[in-house]
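Notes follow the structure.
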Amino acid sequence: MLAQFVLFDGFDPLDVIAPYEVLDTAGMLTGGAVRTELVSAEGAREVAGGIGTVSLRAVTALDPARADLIVVPGAYGELPGDDEDLTDEERDRTIPAILGRTLGTDLSRLLDEALRRDGVTVATVCGGSLILAMAGLIEGRPATTHHMGLDLLGATGARPIDARIVDDGDLVSGAGVTSGLDLGLYLVERELGPRIAHGVEKLIAHERRGVVWHERGLIPAI
């Protein structure tokens, strides 16, 4: 299984590194059943994260024809607050602005291709689901994001679910930043089985949190 982790200018480093390490560790425990790559829409390049001087290097281009799993992070930046009180420079550094700039790259087209391709799972951490929603790729589909972005997720066409992990088949989304660990462990369990997931959990000393939401079963009365 090839897992590609998307980088874009202003990405949140923990959104990437947490699930990357989980999947990479799963590859180690299985003798290479999982391979991991850092990618960007533009190809190999140094990609600046949203935190200070933190950057990561994309080794190749995002390629839905090669990938089995594509993980899309959110952004690290300033909270929007009241737009009327922000200068243009401050507004440019807000998380919605950073996420919105990805729409001007080839990322939207590649993610659309991924969601249309059989056998590819697209997973998101934090604001990664907002990238898909803002691009009109997950209209009407259940997804989650950071709790402060749930209203925006709904306003951009998705069905916001206030859960740590939401599994909608080929779309699996995680909530806030640290949910990347839980997302990674869940994907390992789903794709490789609970024994490998448990082994990774023991190695990284993290117990998965929260019930994974699926659109099935009884509906709560209250």
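Residues in the structure tokens are numbered from 1 in each chain, the chains being A, B, ... in the order shown, and ligands are numbered from 1 in the order shown.
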Within 8 Å of A:Ser40 using only C-alpha atoms, minus same-chain residues under 4 positions, as an NGL selection string: :A and (6-8 or 44-45 or 58 or 60-62 or 107)
So that I have them on file, write out the residues from the current selection with all heavy atoms, as a short mmCIF file (atom, residue, chain, number, x, y, z; two decimals), in the first residue's frame.
```
data_model
loop_
_atom_site.label_atom_id
_atom_site.label_comp_id
_atom_site.auth_asym_id
_atom_site.auth_seq_id
_atom_site.Cartn_x
_atom_site.Cartn_y
_atom_site.Cartn_z
N VAL A 6 0.19 14.79 1.43
CA VAL A 6 0.22 16.02 0.65
C VAL A 6 0.83 17.17 1.45
O VAL A 6 0.47 17.39 2.62
CB VAL A 6 -1.21 16.40 0.20
CG1 VAL A 6 -1.21 17.75 -0.51
CG2 VAL A 6 -1.79 15.32 -0.70
N LEU A 7 1.71 17.91 0.79
CA LEU A 7 2.26 19.15 1.35
C LEU A 7 1.82 20.31 0.47
O LEU A 7 1.78 20.19 -0.75
CB LEU A 7 3.78 19.10 1.40
CG LEU A 7 4.43 17.94 2.16
CD1 LEU A 7 5.96 18.02 2.03
CD2 LEU A 7 4.03 17.96 3.63
N PHE A 8 1.48 21.43 1.11
CA PHE A 8 1.21 22.68 0.39
C PHE A 8 1.72 23.81 1.27
O PHE A 8 1.92 23.65 2.47
CB PHE A 8 -0.29 22.84 0.10
CG PHE A 8 -1.17 22.79 1.33
CD1 PHE A 8 -1.38 23.92 2.11
CD2 PHE A 8 -1.76 21.59 1.72
CE1 PHE A 8 -2.18 23.88 3.24
CE2 PHE A 8 -2.56 21.53 2.86
CZ PHE A 8 -2.77 22.67 3.62
N ALA A 44 8.49 17.41 -6.74
CA ALA A 44 9.54 17.50 -5.72
C ALA A 44 9.91 18.96 -5.46
O ALA A 44 10.22 19.72 -6.39
CB ALA A 44 10.77 16.72 -6.18
N ARG A 45 9.84 19.37 -4.20
CA ARG A 45 10.22 20.73 -3.81
C ARG A 45 10.24 20.85 -2.30
O ARG A 45 9.68 20.01 -1.59
CB ARG A 45 9.28 21.78 -4.40
CG ARG A 45 7.86 21.79 -3.83
CD ARG A 45 6.99 22.82 -4.52
NE ARG A 45 5.64 22.90 -4.00
CZ ARG A 45 5.22 23.80 -3.11
NH1 ARG A 45 6.06 24.71 -2.62
NH2 ARG A 45 3.95 23.81 -2.70
N ALA A 58 8.91 17.58 -0.32
CA ALA A 58 8.16 16.64 -1.15
C ALA A 58 9.13 15.94 -2.08
O ALA A 58 9.96 16.59 -2.74
CB ALA A 58 7.09 17.38 -1.96
N THR A 60 8.20 13.79 -4.58
CA THR A 60 7.63 13.55 -5.89
C THR A 60 6.26 14.21 -5.97
O THR A 60 5.83 14.88 -5.02
CB THR A 60 7.51 12.03 -6.17
OG1 THR A 60 7.14 11.81 -7.54
CG2 THR A 60 6.49 11.37 -5.25
N ALA A 61 5.57 14.03 -7.08
CA ALA A 61 4.25 14.64 -7.26
C ALA A 61 3.14 13.74 -6.75
O ALA A 61 3.25 12.50 -6.81
CB ALA A 61 4.02 14.94 -8.74
N LEU A 62 2.09 14.34 -6.24
CA LEU A 62 0.89 13.60 -5.89
C LEU A 62 0.38 12.88 -7.14
O LEU A 62 0.22 13.50 -8.20
CB LEU A 62 -0.18 14.57 -5.37
CG LEU A 62 -1.59 14.01 -5.16
CD1 LEU A 62 -1.59 12.89 -4.13
CD2 LEU A 62 -2.53 15.14 -4.74
N LEU A 107 -3.87 21.02 -7.00
CA LEU A 107 -4.25 20.07 -5.97
C LEU A 107 -5.71 19.65 -6.09
O LEU A 107 -6.04 18.47 -5.94
CB LEU A 107 -3.99 20.68 -4.58
CG LEU A 107 -4.30 19.78 -3.38
CD1 LEU A 107 -3.51 18.47 -3.45
CD2 LEU A 107 -3.99 20.52 -2.07
#
```
Write out, as a tab-separated table, each residue of stretch 52-106 of chain A that has an atom at most 10 Å from stretch 143-151 of chain A, together with the closest pair of atoms and their distance in Å to one decimal, counting only C-alpha atoms, rows going by chain and rising number.
```
residue	atom	partner	partner_atom	distance
A:Gly74	CA	A:Thr145	CA	8.9
A:Leu79	CA	A:Met148	CA	9.4
A:Ile95	CA	A:Gly149	CA	9.9
A:Pro96	CA	A:Gly149	CA	9.2
```
Return as JSON, numbers by chain the full set of residues in stretch 63-143 of chain A whose backbone-based DSSP assignment is alpha helix (DSSP H). {"A": [88, 89, 90, 91, 92, 95, 96, 97, 98, 99, 100, 101, 107, 108, 109, 110, 111, 112, 113, 114, 115, 116, 128, 129, 130, 131, 132, 133, 134]}
Which distance in Å separates atom CA of A:Ser129 and atom CA of A:His198, to one decimal?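 For atom CA of A:Ser129 relative to atom CA of A:His198, the distance reads 26.6 Å.
When atom CA of A:Ile70 is paired with atom CA of A:Phe5, their separation reads 5.9 Å.
Nearest residue to A:Thr25, choosing from A:Val212, A:Ile219, A:Val188, A:Ala135 and counting only C-alpha atoms: A:Val188.
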Sel. of strand (DSSP E or B) residues, stretch 16-216 of chain A, as JSON, numbers by chain: {"A": [35, 36, 37, 38, 39, 40, 45, 46, 47, 48, 49, 55, 56, 57, 58, 60, 61, 69, 70, 71, 72, 75, 78, 94, 121, 122, 123, 124, 125, 142, 143, 159, 160, 165, 166, 167, 171, 172, 173, 174, 212, 213, 214]}
Excluding stretch 162-171 of chain A and residues on its chain fewer than 4 positions from it, collect all residues at most 6 Å away from it, counting only C-alpha atoms, and give them as a compact mmCIF listing (two decimals) with all heavy atoms, in the first residue's frame.
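To be explicit, this is the file written out as part_27.txt:
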```txt
# COMPACT_ATOMS: atom_id res chain seq x y z
N THR A 121 -8.22 5.68 -1.23
CA THR A 121 -8.84 6.32 -0.07
C THR A 121 -8.21 7.68 0.12
O THR A 121 -6.97 7.81 0.13
CB THR A 121 -8.64 5.48 1.20
OG1 THR A 121 -9.32 4.23 1.06
CG2 THR A 121 -9.20 6.20 2.43
N VAL A 122 -9.03 8.71 0.27
CA VAL A 122 -8.55 10.05 0.61
C VAL A 122 -8.87 10.30 2.07
O VAL A 122 -10.03 10.19 2.49
CB VAL A 122 -9.21 11.12 -0.28
CG1 VAL A 122 -8.76 12.52 0.17
CG2 VAL A 122 -8.87 10.90 -1.75
N ALA A 123 -7.85 10.59 2.86
CA ALA A 123 -8.01 10.87 4.28
C ALA A 123 -7.59 12.31 4.56
O ALA A 123 -6.69 12.83 3.90
CB ALA A 123 -7.18 9.90 5.12
N ALA A 143 -18.33 14.46 6.98
CA ALA A 143 -16.90 14.66 7.23
C ALA A 143 -16.76 15.47 8.51
O ALA A 143 -17.70 16.10 9.00
CB ALA A 143 -16.23 15.39 6.07
N ALA A 175 -10.57 15.03 13.03
CA ALA A 175 -10.96 16.34 13.58
C ALA A 175 -9.72 17.22 13.81
O ALA A 175 -9.00 17.53 12.88
CB ALA A 175 -11.77 16.13 14.85
N GLY A 210 -11.82 8.06 20.95
CA GLY A 210 -13.07 8.36 20.26
C GLY A 210 -13.65 7.21 19.46
O GLY A 210 -12.94 6.32 19.00
N VAL A 212 -15.27 5.83 16.09
CA VAL A 212 -15.24 6.17 14.67
C VAL A 212 -16.69 6.21 14.17
O VAL A 212 -17.43 5.24 14.29
CB VAL A 212 -14.42 5.14 13.87
CG1 VAL A 212 -14.49 5.44 12.38
CG2 VAL A 212 -12.97 5.15 14.35
N TRP A 213 -17.09 7.35 13.60
CA TRP A 213 -18.46 7.55 13.13
C TRP A 213 -18.63 6.96 11.74
O TRP A 213 -17.85 7.24 10.82
CB TRP A 213 -18.79 9.04 13.11
CG TRP A 213 -20.23 9.37 12.84
CD1 TRP A 213 -21.20 9.63 13.75
CD2 TRP A 213 -20.85 9.51 11.53
NE1 TRP A 213 -22.39 9.91 13.11
CE2 TRP A 213 -22.21 9.84 11.76
CE3 TRP A 213 -20.39 9.38 10.23
CZ2 TRP A 213 -23.10 10.06 10.71
CZ3 TRP A 213 -21.27 9.57 9.17
CH2 TRP A 213 -22.62 9.92 9.42
N HIS A 214 -19.65 6.12 11.58
CA HIS A 214 -20.06 5.58 10.28
C HIS A 214 -21.54 5.90 10.09
O HIS A 214 -22.29 5.98 11.06
CB HIS A 214 -19.92 4.06 10.22
CG HIS A 214 -18.52 3.56 10.36
ND1 HIS A 214 -17.75 3.16 9.29
CD2 HIS A 214 -17.75 3.37 11.46
CE1 HIS A 214 -16.59 2.74 9.72
NE2 HIS A 214 -16.56 2.86 11.03
```
